[in-house]
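As structure tokens, the structure follows; a few thoughts come after it.
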Amino acid sequence: MSFLDPVILFFLFGLVAGLLRSELKLPGALYDSLTVFLLLAIGLKGGQGLATQPLAPLIPQIAAVILLGVAQTLIAFGLLRGPGRFGRADAAATAAHYGSVSVATFAVATAWLAARNIEFEPQMAILLAIMEVPAILVGIALARGVSKDTDWGALGHEAFLGKGVTLLLGGMAIGWAAGPEGLVSVKGLFFDLFKGVLALFLLEMGLIVSRQVGALRRCGLFLIAFGLGMPLLSALLGLGTGLLLGFSVGGLTLLATLAASASYIAVPAAMRIAVPEANPAISLAGSLGVTFPFNILAGIPLYHWLATQLAGASS
């Protein structure tokens with residue numbers, strides 16, 4: 001996608017409108033509906049691809065991305081806990097955001113690759129769902145350790161059965177069971193309209209990002225530097241993991257994008273349950289105010305360029 005791509009322009013439109021304090025606002029119910037659509041569509045596409053290949057090779061890939069998410073969370077926590085930075089709870093909650101993934105960033109990356117006819121491994125949607133969970137558990141352990149006061153039942157339910165993971169896995173199960181031929185009847189809705197729905201979703205994301213400016217000012221330059229630097233470091237870790245797994249250039253790009261992204265849906269919900277003392281403004285200011293715009297405007301093309309260079313050097 002170039003800067004003239006409608007999807008990017010919708011995001012910039014929402015961002016500018018929000019910064020100018022326009023009265024533009026999407027209904028909350030519409031935003032929720034767009035989220036459900038995108039999650040199901042991504043799951044269906046992944047499941048359709050999985051229907052044509054064996055599942056056994058996924059086991060080492062799942063193990064690798066779990067380790068990747070744990071490593072990212074630990075690294076982010078170490079950076080955030082330096083002298084004069086953030087308290088333990090805020091550092092752990094923010095680190096969990098950066099160890100997890102952003103579905104919207106993944107959706108933009110898949111559309112970016114599709115516009116250039118760059119293929120990628122269909123199991124990336126499964127890895128997306130898997131990568132949402134480990135950072136949540138590690139973040140909570142970093143915040144308070146294994147405590148008798150932690151409601152692990154509620155936490156496990158939120159982490160493994162939250163809306164995002166449920167819709168992704170449900171969509172993949174349907175896509176896998178129906179197969180490419182069975183999905184023809186819903187292709188017009190979930191596949192052909194995907195980019196249009198993504199544009200509307202990013203319009204709202206632009207409005208949401210504009211509301212994080214005040215929090216960024218309060219948190220200072222360190223959070224901005226972290227929000228730009230951590231995705232670059234994580235992308236390199238994702239590229240290295242993808243190379244070890246033998247991914248294509250498209251797969252490398254997506255895994256780097258997933259690693260570089262930061263959650264703003266699943267992790268905030270889980271942190272509200274398990275680490276209520278953490279200030280959500282800090283985590284969301286970094287993940288939404290800095291990292292999300294950076295990734296969709298500059299990060300994805302950069303990660304693809306790096307993936308191309310690394311794939312060429314290793315061949």
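Residues in the structure tokens are numbered from 1 in each chain, the chains being A, B, ... in the order shown, and ligands are numbered from 1 in the order shown.
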>> Give me the residues near stretch 120-126 of chain A as a PyMOL selection string, where near means some atom within 9 Å (using only C-alpha atoms) and where sequence neighbours in that chain fewer than 4 positions away do not count.
In response: chain A and resi 42-50+58+62+106+110+113+130-131+168-169+172+247-255
Go ahead and write the selection's residues with N, CA and C atoms as a compact mmCIF listing (two decimals), in the first residue's frame.
```txt
# COMPACT_ATOMS: atom_id res chain seq x y z
N ILE A 42 -10.56 -13.05 8.73
CA ILE A 42 -9.18 -13.52 8.83
C ILE A 42 -9.14 -15.00 9.17
N GLY A 43 -10.00 -15.41 10.11
CA GLY A 43 -10.06 -16.82 10.48
C GLY A 43 -10.51 -17.70 9.32
N LEU A 44 -11.53 -17.27 8.58
CA LEU A 44 -12.02 -18.05 7.44
C LEU A 44 -10.94 -18.23 6.37
N LYS A 45 -10.21 -17.15 6.08
CA LYS A 45 -9.15 -17.25 5.08
C LYS A 45 -8.06 -18.22 5.51
N GLY A 46 -7.68 -18.14 6.79
CA GLY A 46 -6.67 -19.07 7.30
C GLY A 46 -7.16 -20.50 7.28
N GLY A 47 -8.40 -20.73 7.71
CA GLY A 47 -8.96 -22.08 7.72
C GLY A 47 -9.09 -22.66 6.33
N GLN A 48 -9.43 -21.82 5.36
CA GLN A 48 -9.53 -22.28 3.98
C GLN A 48 -8.17 -22.78 3.48
N GLY A 49 -7.12 -22.06 3.82
CA GLY A 49 -5.79 -22.50 3.41
C GLY A 49 -5.36 -23.77 4.13
N LEU A 50 -5.71 -23.87 5.41
CA LEU A 50 -5.32 -25.06 6.18
C LEU A 50 -6.00 -26.32 5.68
N LEU A 58 2.57 -27.73 11.92
CA LEU A 58 2.24 -26.55 12.72
C LEU A 58 2.81 -26.61 14.14
N ILE A 62 4.04 -23.39 16.21
CA ILE A 62 3.31 -22.89 17.38
C ILE A 62 4.25 -22.74 18.56
N PHE A 106 -2.29 -6.81 11.55
CA PHE A 106 -2.22 -8.03 10.73
C PHE A 106 -3.12 -7.90 9.51
N THR A 110 -1.91 -8.10 5.61
CA THR A 110 -2.41 -9.07 4.63
C THR A 110 -2.96 -8.35 3.40
N LEU A 113 0.01 -7.15 1.31
CA LEU A 113 0.60 -8.24 0.53
C LEU A 113 -0.31 -8.65 -0.62
N ILE A 130 -2.57 -17.73 18.43
CA ILE A 130 -1.70 -18.28 19.46
C ILE A 130 -0.90 -17.17 20.14
N MET A 131 -0.43 -16.21 19.36
CA MET A 131 0.46 -15.17 19.90
C MET A 131 -0.26 -14.17 20.79
N LEU A 168 -11.40 -15.78 15.97
CA LEU A 168 -10.36 -16.26 15.06
C LEU A 168 -10.39 -17.77 14.93
N LEU A 169 -10.40 -18.46 16.08
CA LEU A 169 -10.39 -19.92 16.05
C LEU A 169 -11.69 -20.47 15.46
N MET A 172 -11.51 -20.04 11.72
CA MET A 172 -10.59 -21.02 11.14
C MET A 172 -11.22 -22.41 11.10
N PHE A 247 9.95 -19.86 6.42
CA PHE A 247 8.82 -19.16 5.82
C PHE A 247 9.22 -18.47 4.52
N SER A 248 8.22 -18.23 3.68
CA SER A 248 8.39 -17.46 2.45
C SER A 248 8.57 -15.98 2.79
N VAL A 249 8.85 -15.16 1.79
CA VAL A 249 9.00 -13.72 2.03
C VAL A 249 7.71 -13.14 2.61
N GLY A 250 6.56 -13.58 2.08
CA GLY A 250 5.28 -13.10 2.61
C GLY A 250 5.08 -13.53 4.06
N GLY A 251 5.42 -14.77 4.36
CA GLY A 251 5.30 -15.26 5.73
C GLY A 251 6.25 -14.54 6.67
N LEU A 252 7.47 -14.28 6.21
CA LEU A 252 8.43 -13.52 7.02
C LEU A 252 7.89 -12.13 7.32
N THR A 253 7.32 -11.50 6.30
CA THR A 253 6.77 -10.16 6.49
C THR A 253 5.66 -10.16 7.53
N LEU A 254 4.77 -11.14 7.45
CA LEU A 254 3.65 -11.20 8.39
C LEU A 254 4.12 -11.53 9.80
N LEU A 255 5.06 -12.45 9.94
CA LEU A 255 5.53 -12.79 11.28
C LEU A 255 6.27 -11.60 11.89
```
> Counting only C-alpha atoms, what is within 9 Å of A:Leu80, bar same-chain residues fewer than 3 positions away, as an NGL selection string?
Replying inline: :A and (75-77 or 83 or 85-88 or 90-92 or 94-95 or 223 or 226)
> Got a sec: who's within 8 Å of A:Thr291, counting only C-alpha atoms, leaving out chain neighbours fewer than 5 positions off, as an MDAnalysis selection string?
Replying inline: chainID A and resid 227:228 231 261:262 286
Under the rule of at most 10 Å, produce a per-residue listing of stretch 4-30 of chain A near stretch 294-307 of chain A: chain, number, name, the closest pair of atoms, and the distance in Å, as a tab-separated table, using only C-alpha atoms.
```
residue	atom	partner	partner_atom	distance
A:Val7	CA	A:Ile296	CA	9.9
A:Ile8	CA	A:Leu297	CA	7.3
A:Phe11	CA	A:Ile296	CA	9.3
A:Leu12	CA	A:Leu297	CA	9.5
```
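Between atom CA of A:Trp176 and atom CA of A:Gly164 lies a distance of 18.2 Å.
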>> Based on the backbone DSSP call, show me all residues of stretch 64-273 of chain A assigned helix (DSSP H, G or I), as an MDAnalysis selection string.
In response: chainID A and resid 64:80 88:99 103:115 124:131 134:144 152:161 163:190 194:210 213:219 221:245 249:260 266:273
>> Applying 7 Å and only C-alpha atoms, which residues near stretch 272-282 of chain A remain after dropping the ones on its own chain fewer than 4 positions away? List them as a ChimeraX atom specification.
In response: /A:89-90,93,140,150,155,215,219,268,286
> How many Å lie between atom CA of A:Lys163 and atom CA of A:Ala266, rounded to one decimal?
Replying inline: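 Spanning atom CA of A:Lys163 to atom CA of A:Ala266 is a straight-line distance of 7.9 Å.
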